[in-house]
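Participant: Contents of upload-v5.csv (CSV, C-alpha atoms) are below:
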chain,number,residue,atom,x,y,z
A,27,MET,CA,111.4,29.2,-155.3
A,28,ALA,CA,109.6,32.3,-154.0
A,29,LYS,CA,111.4,35.6,-154.4
A,30,PRO,CA,112.7,37.1,-151.1
A,31,THR,CA,111.8,40.6,-150.0
A,32,VAL,CA,115.5,41.7,-149.7
A,33,SER,CA,118.6,40.7,-151.5
A,34,ILE,CA,121.8,41.2,-149.5
A,35,LEU,CA,124.7,41.6,-151.9
A,36,ILE,CA,128.2,41.1,-150.6
A,37,ALA,CA,131.3,41.8,-152.7
A,38,SER,CA,134.3,40.3,-151.0
A,39,TYR,CA,138.0,40.2,-151.8
A,40,ASN,CA,140.5,38.8,-149.3
A,41,SER,CA,138.1,39.4,-146.4
A,42,ALA,CA,138.4,36.1,-144.6
A,43,ALA,CA,139.0,37.8,-141.2
A,44,TYR,CA,135.8,39.9,-141.4
A,45,LEU,CA,133.3,37.7,-143.3
A,46,PRO,CA,132.2,35.6,-140.3
A,47,PRO,CA,131.1,38.7,-138.2
A,48,LEU,CA,129.2,40.0,-141.2
A,49,CYS,CA,127.5,36.7,-142.1
A,50,ASP,CA,126.7,36.0,-138.5
A,51,SER,CA,125.0,39.4,-138.2
A,52,ILE,CA,123.0,38.6,-141.3
A,53,GLN,CA,121.8,35.3,-139.8
A,54,LYS,CA,120.7,37.2,-136.7
A,55,GLN,CA,118.4,39.6,-138.6
A,56,THR,CA,115.0,39.9,-137.0
A,57,PHE,CA,113.6,40.3,-140.6
A,58,ARG,CA,114.0,36.8,-142.0
A,59,ASP,CA,112.8,37.1,-145.6
A,60,PHE,CA,116.1,37.6,-147.5
A,61,GLU,CA,118.7,36.1,-149.7
A,62,ALA,CA,122.4,36.7,-149.1
A,63,ILE,CA,124.6,36.5,-152.2
A,64,VAL,CA,128.3,36.4,-151.4
A,65,TRP,CA,130.6,37.0,-154.4
A,66,ASP,CA,134.2,36.1,-153.6
A,67,ASP,CA,136.1,38.1,-156.2
A,68,GLY,CA,139.1,35.8,-156.7
A,69,SER,CA,140.4,36.0,-153.1
A,70,THR,CA,143.8,34.5,-152.4
A,71,ASP,CA,143.2,34.1,-148.7
A,72,ASN,CA,141.1,31.4,-147.0
A,73,SER,CA,137.7,33.2,-147.7
A,74,GLN,CA,136.3,30.0,-149.2
A,75,GLU,CA,137.2,28.0,-146.1
A,76,VAL,CA,135.5,30.4,-143.7
A,77,LEU,CA,132.4,30.6,-145.9
A,78,GLN,CA,131.8,26.9,-145.8
A,79,ARG,CA,129.9,27.2,-142.5
A,80,TYR,CA,127.1,29.1,-144.2
A,81,ARG,CA,126.4,26.6,-146.9
A,82,ASP,CA,123.8,24.9,-144.8
A,83,ASP,CA,121.7,28.1,-144.7
A,84,ASP,CA,119.7,28.0,-147.9
A,85,ARG,CA,119.3,31.7,-147.8
A,86,PHE,CA,123.0,32.1,-148.6
A,87,VAL,CA,124.3,31.8,-152.2
A,88,LEU,CA,128.1,31.5,-152.3
A,89,LEU,CA,129.8,32.4,-155.6
A,90,GLN,CA,133.4,32.6,-156.6
A,91,ALA,CA,135.2,34.4,-159.5
A,92,SER,CA,138.2,32.7,-161.0
A,93,LYS,CA,140.2,36.0,-160.9
A,94,ASN,CA,139.8,39.4,-159.3
A,95,GLN,CA,137.6,41.8,-161.4
A,96,GLY,CA,137.3,44.8,-159.1
A,97,VAL,CA,134.4,46.2,-157.1
A,98,GLY,CA,132.5,47.7,-160.0
A,99,LYS,CA,132.4,44.5,-162.0
A,100,THR,CA,131.4,42.5,-158.9
A,101,TRP,CA,128.6,44.9,-158.1
A,102,ALA,CA,127.3,44.4,-161.7
A,103,GLU,CA,127.3,40.6,-161.3
A,104,LEU,CA,125.5,40.8,-158.0
A,105,LEU,CA,122.9,43.3,-159.3
A,106,ARG,CA,122.1,41.0,-162.2
A,107,ARG,CA,121.5,38.1,-159.8
A,108,MET,CA,119.4,39.8,-157.1
A,109,ARG,CA,115.8,38.6,-156.9
A,110,GLY,CA,114.5,40.8,-154.0
A,111,GLU,CA,112.1,43.7,-154.0
A,112,PHE,CA,114.9,45.7,-152.3
A,113,TRP,CA,118.6,45.2,-152.1
A,114,CYS,CA,121.5,46.3,-149.9
A,115,ALA,CA,125.3,45.9,-150.1
A,116,PRO,CA,127.1,46.0,-146.8
A,117,GLY,CA,130.9,46.0,-147.0
A,118,SER,CA,132.5,42.6,-146.5
A,119,ASP,CA,134.1,43.9,-143.3
A,120,ASP,CA,131.0,45.6,-141.9
A,121,VAL,CA,128.4,44.4,-139.3
A,122,LEU,CA,124.7,44.8,-139.4
A,123,HIS,CA,122.6,45.4,-136.3
A,124,PRO,CA,119.9,42.7,-135.8
A,125,ASP,CA,117.1,45.2,-136.7
A,126,PHE,CA,118.9,46.6,-139.8
A,127,LEU,CA,116.5,45.0,-142.3
A,128,ASP,CA,113.4,45.5,-140.1
A,129,ARG,CA,114.1,49.3,-139.8
A,130,ARG,CA,114.8,49.7,-143.5
A,131,VAL,CA,111.8,47.7,-144.8
A,132,ALA,CA,109.5,49.5,-142.4
A,133,ALA,CA,110.8,52.9,-143.7
A,134,PHE,CA,109.9,51.8,-147.3
A,135,LEU,CA,106.4,50.7,-146.1
A,136,SER,CA,105.8,54.1,-144.6
A,137,ARG,CA,107.1,56.0,-147.6
A,138,PRO,CA,105.7,54.4,-150.8
A,139,ASN,CA,107.5,56.9,-153.0
A,140,ALA,CA,110.9,56.2,-151.5
A,141,VAL,CA,113.7,54.8,-153.7
A,142,LEU,CA,116.5,54.7,-151.1
A,143,VAL,CA,116.7,54.5,-147.3
A,144,HIS,CA,120.0,55.3,-145.6
A,145,GLY,CA,121.4,56.3,-142.2
A,146,PRO,CA,124.6,57.0,-140.2
A,147,PRO,CA,127.1,54.3,-139.2
A,148,VAL,CA,128.8,53.4,-136.0
A,149,HIS,CA,132.5,53.5,-136.9
A,150,ILE,CA,134.7,50.6,-135.7
A,151,ASN,CA,138.3,49.7,-136.1
A,152,ALA,CA,139.9,46.4,-137.3
A,153,ALA,CA,139.3,44.8,-133.9
A,154,GLY,CA,135.6,45.8,-133.9
A,155,GLU,CA,136.1,48.6,-131.3
A,156,ILE,CA,134.0,51.7,-131.6
A,157,ARG,CA,135.8,54.8,-132.9
A,158,THR,CA,134.8,58.2,-131.7
A,159,ASP,CA,137.2,60.3,-133.7
A,160,ILE,CA,135.1,60.2,-136.9
A,161,ARG,CA,132.0,62.4,-137.4
A,162,LEU,CA,129.5,62.8,-140.2
A,163,ILE,CA,130.1,65.3,-142.9
A,164,ALA,CA,126.4,66.1,-143.1
A,165,GLU,CA,123.1,64.9,-141.7
A,166,PRO,CA,120.2,65.2,-144.1
A,167,PRO,CA,116.6,65.8,-143.3
A,168,PRO,CA,114.3,62.8,-142.7
A,169,VAL,CA,113.0,62.9,-146.3
A,170,GLN,CA,114.5,64.5,-149.4
A,171,GLY,CA,112.3,64.8,-152.4
A,172,ASN,CA,111.9,66.8,-155.6
A,173,GLN,CA,115.3,68.1,-156.8
A,174,GLU,CA,116.9,67.9,-153.3
A,175,PRO,CA,118.6,64.4,-153.5
A,176,LEU,CA,120.1,65.2,-156.9
A,177,ARG,CA,121.2,68.8,-156.0
A,178,SER,CA,122.9,67.6,-152.8
A,179,LEU,CA,124.5,64.6,-154.4
A,180,LEU,CA,126.1,66.8,-157.1
A,181,GLN,CA,127.9,68.6,-154.4
A,182,HIS,CA,128.9,65.6,-152.3
A,183,ASN,CA,128.3,61.9,-151.8
A,184,PHE,CA,126.8,62.1,-148.3
A,185,ILE,CA,125.3,58.7,-148.3
A,186,ASN,CA,127.0,55.9,-146.4
A,187,GLN,CA,126.7,53.0,-148.8
A,188,PRO,CA,126.6,50.1,-146.4
A,189,SER,CA,123.6,51.8,-144.6
A,190,THR,CA,121.4,51.7,-147.7
A,191,LEU,CA,118.4,49.7,-148.7
A,192,ILE,CA,117.3,50.4,-152.3
A,193,ARG,CA,114.3,49.6,-154.4
A,194,SER,CA,115.3,47.0,-157.0
A,195,SER,CA,112.9,48.0,-159.8
A,196,SER,CA,114.3,51.5,-159.8
A,197,THR,CA,117.8,50.2,-159.8
A,198,ILE,CA,117.1,48.0,-162.8
A,199,ARG,CA,115.6,51.0,-164.6
A,200,VAL,CA,118.9,53.1,-164.2
A,201,LEU,CA,121.4,50.3,-164.7
A,202,PRO,CA,121.8,50.9,-168.5
A,203,TYR,CA,123.3,54.3,-167.7
A,204,TRP,CA,125.6,53.0,-164.9
A,205,ARG,CA,129.3,52.1,-165.5
A,206,ASP,CA,130.8,49.1,-163.9
A,207,ASP,CA,134.5,50.1,-164.3
A,208,TRP,CA,134.7,52.5,-161.3
A,209,ARG,CA,137.2,51.5,-158.7
A,210,TYR,CA,136.2,53.9,-155.9
A,211,ALA,CA,132.9,55.8,-156.4
A,212,GLN,CA,130.6,53.3,-158.1
A,213,GLU,CA,127.9,53.8,-155.6
A,214,TRP,CA,127.9,57.6,-156.1
A,215,HIS,CA,127.2,57.2,-159.8
A,216,LEU,CA,124.2,54.9,-158.9
A,217,TRP,CA,122.8,57.4,-156.3
A,218,LEU,CA,122.9,60.2,-158.9
A,219,LEU,CA,120.9,58.1,-161.4
A,220,LEU,CA,118.4,57.1,-158.8
A,221,ALA,CA,118.0,60.7,-157.6
A,222,ALA,CA,117.1,61.7,-161.1
A,223,LEU,CA,114.0,59.5,-160.9
A,224,ASP,CA,112.5,62.2,-158.6
A,225,HIS,CA,111.5,59.8,-155.8
A,226,GLU,CA,112.3,60.2,-152.1
A,227,PHE,CA,115.5,59.5,-150.3
A,228,VAL,CA,114.7,58.7,-146.6
A,229,TYR,CA,117.1,59.2,-143.8
A,230,ASP,CA,116.9,57.1,-140.6
A,231,PRO,CA,119.1,58.9,-137.9
A,232,ILE,CA,119.4,55.8,-135.7
A,233,PRO,CA,122.6,53.8,-136.6
A,234,ALA,CA,121.8,50.3,-137.8
A,235,HIS,CA,125.2,49.0,-138.9
A,236,ARG,CA,128.8,49.2,-138.0
A,237,TYR,CA,131.2,50.5,-140.6
A,238,ARG,CA,134.8,49.2,-140.2
A,239,VAL,CA,137.6,51.6,-141.0
A,240,HIS,CA,141.1,50.1,-141.0
A,241,ASP,CA,144.4,50.1,-143.0
A,242,ARG,CA,143.0,47.7,-145.6
A,243,SER,CA,139.9,49.7,-146.3
A,244,LEU,CA,139.6,50.6,-150.0
A,245,SER,CA,140.0,54.3,-149.3
A,246,ASN,CA,143.2,53.8,-147.3
A,247,LEU,CA,145.0,51.5,-149.7
A,248,ALA,CA,148.3,52.9,-151.1
A,249,GLY,CA,148.1,54.0,-154.7
A,250,HIS,CA,144.3,54.7,-154.6
A,251,ASP,CA,144.7,58.5,-154.1
A,252,ALA,CA,145.0,59.3,-157.8
A,253,VAL,CA,142.0,57.1,-158.6
A,254,ARG,CA,139.9,58.7,-155.9
A,255,ARG,CA,140.8,62.2,-156.9
A,256,THR,CA,140.0,61.4,-160.5
A,257,GLU,CA,136.7,59.7,-159.9
A,258,VAL,CA,135.3,62.3,-157.5
A,259,ARG,CA,135.3,64.8,-160.4
A,260,LEU,CA,134.5,62.4,-163.2
A,261,VAL,CA,131.7,60.4,-161.5
A,262,PRO,CA,129.3,63.4,-161.0
A,263,LEU,CA,129.8,64.5,-164.6
A,264,VAL,CA,129.1,61.0,-166.0
A,265,GLY,CA,126.3,60.4,-163.6
A,266,LEU,CA,124.4,63.6,-164.5
A,267,SER,CA,125.0,63.0,-168.2
A,268,GLY,CA,123.2,59.6,-167.8
A,269,ALA,CA,120.5,61.2,-165.7
A,270,ALA,CA,119.8,63.7,-168.5
A,271,GLN,CA,118.8,60.8,-170.7
A,272,LEU,CA,116.6,59.3,-168.0
A,273,THR,CA,114.2,62.0,-166.9
A,274,PRO,CA,113.2,65.6,-167.4
A,275,LEU,CA,114.7,66.4,-163.9
A,276,GLY,CA,118.0,65.0,-165.0
A,277,GLN,CA,117.9,66.9,-168.2
A,278,GLN,CA,117.1,70.1,-166.4
A,279,MET,CA,120.0,69.8,-164.0
A,280,TRP,CA,122.4,68.7,-166.8
A,281,LYS,CA,121.6,71.8,-168.8
A,282,ARG,CA,122.4,73.9,-165.7
A,283,TRP,CA,125.6,72.3,-164.5
A,284,ARG,CA,127.0,70.6,-167.6
A,285,ARG,CA,129.7,73.2,-168.6
A,286,ALA,CA,130.8,73.8,-165.0
A,287,MET,CA,131.3,70.1,-164.3
A,288,TYR,CA,133.2,69.5,-167.5
A,289,ALA,CA,135.4,72.5,-167.0
A,290,LEU,CA,136.3,71.4,-163.5
A,291,TRP,CA,136.9,67.8,-164.6
A,292,LEU,CA,139.3,69.0,-167.2
A,293,ARG,CA,141.2,71.0,-164.6
A,294,ARG,CA,141.5,68.0,-162.4
A,295,ALA,CA,142.5,65.8,-165.4
A,296,PHE,CA,145.3,68.3,-166.2
A,297,VAL,CA,146.6,68.1,-162.6
A,298,LEU,CA,146.6,64.3,-162.9
A,299,ARG,CA,147.9,64.2,-166.5
A,300,ASN,CA,150.7,61.9,-165.7
A,301,ALA,CA,148.5,59.3,-164.0
A,302,PRO,CA,148.3,56.0,-166.0
A,303,ASP,CA,144.5,56.1,-166.3
A,304,THR,CA,144.1,59.7,-167.3
A,305,PRO,CA,143.8,59.3,-171.1
A,306,ARG,CA,141.0,56.8,-170.7
A,307,CYS,CA,139.2,59.0,-168.2
A,308,VAL,CA,139.6,62.0,-170.5
A,309,GLN,CA,137.8,60.1,-173.2
A,310,ILE,CA,135.0,59.0,-170.8
A,311,GLY,CA,134.6,62.6,-169.7
A,312,ALA,CA,134.4,63.9,-173.3
A,313,ASP,CA,131.9,61.3,-174.3
A,314,ALA,CA,129.7,62.2,-171.2
A,315,PHE,CA,129.9,65.9,-172.1
A,316,ALA,CA,128.8,65.2,-175.7
A,317,ALA,CA,126.1,62.6,-174.9
A,318,PRO,CA,124.0,61.1,-176.3
A,319,GLU,CA,126.4,61.1,-179.2
A,320,PRO,CA,130.1,60.0,-178.7
A,321,ALA,CA,132.7,62.8,-178.8
A,322,GLY,CA,135.1,61.1,-181.1
A,323,ARG,CA,138.8,60.8,-180.3
A,324,VAL,CA,140.0,63.6,-178.0
A,325,THR,CA,143.2,64.6,-176.2
A,326,LEU,CA,143.6,66.3,-172.8
A,327,LEU,CA,145.6,69.2,-174.3
A,328,GLY,CA,143.0,69.7,-177.1
A,329,GLU,CA,140.1,69.7,-174.7
A,330,CYS,CA,141.8,72.0,-172.2
A,331,THR,CA,142.6,74.5,-175.0
A,332,ARG,CA,139.1,74.4,-176.4
A,333,HIS,CA,137.5,75.0,-173.0
A,334,ALA,CA,140.2,77.3,-171.5
A,335,LEU,CA,137.8,80.2,-170.8
A,336,SER,CA,135.3,77.9,-169.2
A,337,ILE,CA,137.9,76.3,-167.0
A,338,LEU,CA,139.0,79.8,-165.8
A,339,HIS,CA,135.4,81.0,-165.3
A,340,TYR,CA,134.1,78.0,-163.4
A,341,SER,CA,137.3,77.6,-161.4
A,342,LEU,CA,136.8,81.2,-160.1
A,343,ARG,CA,133.2,80.4,-159.3
A,344,GLU,CA,134.1,77.2,-157.5
A,345,ALA,CA,136.8,79.0,-155.4
A,346,ALA,CA,134.2,81.7,-154.4
A,347,ALA,CA,131.7,79.0,-153.4
A,348,ARG,CA,134.2,77.1,-151.3
A,349,ARG,CA,135.1,80.2,-149.4
A,350,SER,CA,131.5,80.6,-148.3
A,351,GLN,CA,131.1,76.9,-147.1
A,352,THR,CA,132.2,75.3,-143.9
A,353,VAL,CA,132.5,71.8,-145.4
A,354,LEU,CA,135.0,70.8,-148.1
A,355,VAL,CA,133.0,68.8,-150.6
A,356,SER,CA,134.2,66.4,-153.3
A,357,GLY,CA,131.8,67.4,-156.0
A,358,LEU,CA,130.5,70.7,-157.4
A,359,ALA,CA,130.7,73.3,-154.6
A,360,GLN,CA,128.9,76.0,-156.6
A,361,VAL,CA,125.6,74.2,-156.2
A,362,ASN,CA,125.7,75.7,-152.7
A,363,HIS,CA,123.3,73.2,-151.2
A,364,GLU,CA,122.4,74.2,-147.6
A,365,LEU,CA,123.2,70.7,-146.4
A,366,PHE,CA,126.9,71.6,-146.4
A,367,MET,CA,126.8,75.1,-145.2
A,368,SER,CA,126.2,74.9,-141.4
A,369,PRO,CA,129.2,74.2,-139.1
A,370,ALA,CA,126.7,72.2,-136.9
A,371,ARG,CA,126.6,69.6,-139.7
A,372,GLY,CA,130.0,68.3,-138.8
A,373,LYS,CA,133.5,68.5,-140.3
A,374,ASN,CA,135.1,67.3,-143.5
A,375,LEU,CA,136.6,63.8,-143.4
What would you get if you wrote out this structure as structure tokens?
Facilitator:
Amino acid sequence: MAKPTVSILIASYNSAAYLPPLCDSIQKQTFRDFEAIVWDDGSTDNSQEVLQRYRDDDRFVLLQASKNQGVGKTWAELLRRMRGEFWCAPGSDDVLHPDFLDRRVAAFLSRPNAVLVHGPPVHINAAGEIRTDIRLIAEPPPVQGNQEPLRSLLQHNFINQPSTLIRSSSTIRVLPYWRDDWRYAQEWHLWLLLAALDHEFVYDPIPAHRYRVHDRSLSNLAGHDAVRRTEVRLVPLVGLSGAAQLTPLGQQMWKRWRRAMYALWLRRAFVLRNAPDTPRCVQIGADAFAAPEPAGRVTLLGECTRHALSILHYSLREAAARRSQTVLVSGLAQVNHELFMSPARGKNL
């Protein structure tokens, strides 16, 4: 069977109500050379029943896990199975505009050095109605190259994941440095690794998908706040540590920001010291800081004591940087990327 141009990767868990609008929008794409791999991650609703209607379309590959593994593990499975030159991963509750693939593939054809194309969403609610109360945090320039994608991503994950189309060969190159156990920010880690390749990130300002925001969205689920607050500090540290082993650009940025990122991670870990997952995350952070060699067994108290002066120093620098910025970012504020400085860019979400 000939390889498709695009692999559409769908990680789904208990999304029976939203899978038909997404799959219908995929079938309506004006760009037809694609495969759609739907991975049902152990759903307990009637997802399998609603997916049956798409079995007659030979572009759809329907897979089912015996038990829920989480979004990171599911992404890993899907990325291993993709065959396309490019891939995208819309959320199982999102909707693609009919020209989504056409626009994204055309952008790649016009920018041969591009590794990722992205754009803004139209936000919708559970019923599919457009929401006007959510605005973008930042709108990047049409093309980011050289150090710019990596610098800006260290400060904040400004890329709307369902809007992306990514070059598969570049993704395969960075996957050995990507972790599949993130529960909230797995895509941010991947963007950091891709940005270290020193290729272009292309921004299409015309919305090409609808991003559903509702009570069952991952970011709104009860109990996810501690996970989110942990990962938004840990993911940039781990991502840049991996990037340092990939390219000279990654290594250059790692040398510059390594101590600041680790100090601020330790401060966050201390605040969340009673969270169940903190000991595991402390070890992940220490191993990233010591890479390429493992750190050996560490404790939060021991690391905070050993790096106390750095924690104080970089906390003060971070506070000063935040006072000069109009957007509250999730990552390293002291990078001071101009993308997050102008009030015209939008407000923090």
Participant: List as a Markdown table every residue of region 201-304 of chain A that is in contact with region 176-182 of chain A, defined as an atom at most 7 Å from one of its atoms (using only C-alpha atoms), together with the nearest atom pair and the distance in Å rounded to one decimal, sorted by chain and then rising number.
Facilitator:
| residue | atom | partner | partner_atom | distance |
| --- | --- | --- | --- | --- |
| A:Leu218 | CA | A:Leu176 | CA | 6.1 |
| A:Ala221 | CA | A:Leu176 | CA | 5.0 |
| A:Ala222 | CA | A:Leu176 | CA | 6.2 |
| A:Pro262 | CA | A:Leu180 | CA | 6.1 |
Participant: Using the selection just defined, write its residues with C-alpha atoms as a PDB file, in the coordinates of the input.
Facilitator:
ATOM      1  CA  LEU A 218     122.900  60.200-158.900  1.00  0.00           C
ATOM      2  CA  ALA A 221     118.000  60.700-157.600  1.00  0.00           C
ATOM      3  CA  ALA A 222     117.100  61.700-161.100  1.00  0.00           C
ATOM      4  CA  PRO A 262     129.300  63.400-161.000  1.00  0.00           C
TER       5      PRO A 262
END
Participant: Enter the distance from CA of Pro320 (chain A) to CA of Ala359 (chain A), in Å, rounded to one decimal.
Facilitator: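 According to the coordinates, CA of Pro320 (chain A) and CA of Ala359 (chain A) are separated by 27.5 Å.
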Participant: Counting all atoms listed in the file, which residues sit no farther than 12 Å from the position (124.4, 70.3, -168.1) in the file's frame? I'd like them as a PDB file with C-alpha atoms, in the coordinates of the input.
Facilitator:
ATOM      1  CA  LEU A 180     126.100  66.800-157.100  1.00  0.00           C
ATOM      2  CA  PRO A 262     129.300  63.400-161.000  1.00  0.00           C
ATOM      3  CA  LEU A 263     129.800  64.500-164.600  1.00  0.00           C
ATOM      4  CA  VAL A 264     129.100  61.000-166.000  1.00  0.00           C
ATOM      5  CA  GLY A 265     126.300  60.400-163.600  1.00  0.00           C
ATOM      6  CA  LEU A 266     124.400  63.600-164.500  1.00  0.00           C
ATOM      7  CA  SER A 267     125.000  63.000-168.200  1.00  0.00           C
ATOM      8  CA  GLY A 268     123.200  59.600-167.800  1.00  0.00           C
ATOM      9  CA  ALA A 269     120.500  61.200-165.700  1.00  0.00           C
ATOM     10  CA  ALA A 270     119.800  63.700-168.500  1.00  0.00           C
ATOM     11  CA  GLN A 271     118.800  60.800-170.700  1.00  0.00           C
ATOM     12  CA  LEU A 275     114.700  66.400-163.900  1.00  0.00           C
ATOM     13  CA  GLY A 276     118.000  65.000-165.000  1.00  0.00           C
ATOM     14  CA  GLN A 277     117.900  66.900-168.200  1.00  0.00           C
ATOM     15  CA  GLN A 278     117.100  70.100-166.400  1.00  0.00           C
ATOM     16  CA  MET A 279     120.000  69.800-164.000  1.00  0.00           C
ATOM     17  CA  TRP A 280     122.400  68.700-166.800  1.00  0.00           C
ATOM     18  CA  LYS A 281     121.600  71.800-168.800  1.00  0.00           C
ATOM     19  CA  ARG A 282     122.400  73.900-165.700  1.00  0.00           C
ATOM     20  CA  TRP A 283     125.600  72.300-164.500  1.00  0.00           C
ATOM     21  CA  ARG A 284     127.000  70.600-167.600  1.00  0.00           C
ATOM     22  CA  ARG A 285     129.700  73.200-168.600  1.00  0.00           C
ATOM     23  CA  ALA A 286     130.800  73.800-165.000  1.00  0.00           C
ATOM     24  CA  MET A 287     131.300  70.100-164.300  1.00  0.00           C
ATOM     25  CA  TYR A 288     133.200  69.500-167.500  1.00  0.00           C
ATOM     26  CA  ALA A 289     135.400  72.500-167.000  1.00  0.00           C
ATOM     27  CA  ALA A 314     129.700  62.200-171.200  1.00  0.00           C
ATOM     28  CA  PHE A 315     129.900  65.900-172.100  1.00  0.00           C
ATOM     29  CA  ALA A 316     128.800  65.200-175.700  1.00  0.00           C
ATOM     30  CA  ALA A 317     126.100  62.600-174.900  1.00  0.00           C
TER      31      ALA A 317
END
Participant: Report, in Å with one decimal, the straight-line distance from CA of Glu364 (chain A) to CA of Arg259 (chain A).
Facilitator: 20.5 Å
Participant: Measuring atom to atom with only C-alpha atoms, identify which of A:Phe126, A:Phe184, A:Trp65, A:Trp113 is nearest to Ile232 (chain A).
Facilitator: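 Looking at the shortest contact to Ile232 (chain A), the residue is A:Phe126.
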Participant: Write out as a PyMOL selection string the residues lying within 7 Å of region 94-108 of chain A, counting only C-alpha atoms and excluding same-chain residues fewer than 5 positions away.
Facilitator: chain A and resi 33+35+37+67-68+206-209+212
Participant: Could you dump the residues just selected with C-alpha atoms as a compact mmCIF listing (two decimals), in the frame of the given file?
Facilitator:
# COMPACT_ATOMS: atom_id res chain seq x y z
CA SER A 33 118.60 40.70 -151.50
CA LEU A 35 124.70 41.60 -151.90
CA ALA A 37 131.30 41.80 -152.70
CA ASP A 67 136.10 38.10 -156.20
CA GLY A 68 139.10 35.80 -156.70
CA ASP A 206 130.80 49.10 -163.90
CA ASP A 207 134.50 50.10 -164.30
CA TRP A 208 134.70 52.50 -161.30
CA ARG A 209 137.20 51.50 -158.70
CA GLN A 212 130.60 53.30 -158.10
Participant: Given the choices A:Gly117, A:Pro167, A:Gly154, A:Pro318, which gets closest to Pro231 (chain A) if the distance is worked out from all atoms listed in the file?
Facilitator: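 Result for the nearest residue to Pro231 (chain A): A:Pro167.
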Participant: Quick one: residues within 12 Å of Pro116 (chain A), all atoms listed in the file, excluding same-chain residues fewer than 6 positions away - as a ChimeraX atom specification?
Facilitator: /A:33-38,44-45,47-49,51-52,62-64,101,122-123,126-127,144,147,186-191,213,234-238
Participant: Fewer than 5 positions away in the same chain doesn't count, so skip those; otherwise give me all residues within 10 Å of Arg199 (chain A), counting all atoms listed in the file, as a VMD selection string.
Facilitator: chain A and resid 194 219 to 220 223 272
Participant: Please, what distance in Å, to one decimal, runs between CA of Asp120 (chain A) and CA of Ala133 (chain A)?
Facilitator: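 Calculated distance between CA of Asp120 (chain A) and CA of Ala133 (chain A) is 21.6 Å.
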Participant: Kindly indicate which residue among A:Arg323, A:Arg294, A:Ser196, A:Ser356 lies nearest to Val258 (chain A), using all atoms listed in the file for the distances.
Facilitator: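 That would be A:Ser356, the residue with the smallest distance to Val258 (chain A).
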Participant: Need the neighbours of (133.1, 54.1, -131.2): which residues are at most 12 Å away, counting all atoms listed in the file, as a list in words?
Facilitator: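 Here is the list of nearby residues: Pro147, Val148, His149, Ile150, Asn151, Ala152, Ala153, Gly154, Glu155, Ile156, Arg157, Thr158, Asp159, Ile160, Arg161, Pro233, Arg236, Tyr237, Arg238 and Val239 of chain A.
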Participant: Write to file, as a PDB file, keeping the file's coordinate frame, the residues of the selection just made, with C-alpha atoms.
Facilitator:
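Generated output (selection08.pdb):
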ATOM      1  CA  PRO A 147     127.100  54.300-139.200  1.00  0.00           C
ATOM      2  CA  VAL A 148     128.800  53.400-136.000  1.00  0.00           C
ATOM      3  CA  HIS A 149     132.500  53.500-136.900  1.00  0.00           C
ATOM      4  CA  ILE A 150     134.700  50.600-135.700  1.00  0.00           C
ATOM      5  CA  ASN A 151     138.300  49.700-136.100  1.00  0.00           C
ATOM      6  CA  ALA A 152     139.900  46.400-137.300  1.00  0.00           C
ATOM      7  CA  ALA A 153     139.300  44.800-133.900  1.00  0.00           C
ATOM      8  CA  GLY A 154     135.600  45.800-133.900  1.00  0.00           C
ATOM      9  CA  GLU A 155     136.100  48.600-131.300  1.00  0.00           C
ATOM     10  CA  ILE A 156     134.000  51.700-131.600  1.00  0.00           C
ATOM     11  CA  ARG A 157     135.800  54.800-132.900  1.00  0.00           C
ATOM     12  CA  THR A 158     134.800  58.200-131.700  1.00  0.00           C
ATOM     13  CA  ASP A 159     137.200  60.300-133.700  1.00  0.00           C
ATOM     14  CA  ILE A 160     135.100  60.200-136.900  1.00  0.00           C
ATOM     15  CA  ARG A 161     132.000  62.400-137.400  1.00  0.00           C
ATOM     16  CA  PRO A 233     122.600  53.800-136.600  1.00  0.00           C
ATOM     17  CA  ARG A 236     128.800  49.200-138.000  1.00  0.00           C
ATOM     18  CA  TYR A 237     131.200  50.500-140.600  1.00  0.00           C
ATOM     19  CA  ARG A 238     134.800  49.200-140.200  1.00  0.00           C
ATOM     20  CA  VAL A 239     137.600  51.600-141.000  1.00  0.00           C
TER      21      VAL A 239
END
Participant: Applying 9 Å and only C-alpha atoms, which residues near region 304-309 of chain A remain after dropping the ones on its own chain fewer than 6 positions away? List them as an MDAnalysis selection string.
Facilitator: chainID A and resid 256:257 260 291:292 295:296 298 321:326 329
Participant: Given only C-alpha atoms as the basis, pick out the residue of A:Gln173, A:Asn183, A:Ser118, A:Asn300 nearest to Asp50 (chain A).
Facilitator: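 Of the candidates, the smallest distance to Asp50 (chain A) is held by A:Ser118.
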Participant: Let me make sure I understand: among A:Lys93, A:Arg205, A:Arg109, A:Arg130, which one has the smallest atom-to-atom distance to Ile310 (chain A) if we use all atoms listed in the file?
Facilitator: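 Checking each of A:Lys93, A:Arg205, A:Arg109, A:Arg130 against Ile310 (chain A), counting all atoms listed in the file, the winner is A:Arg205.
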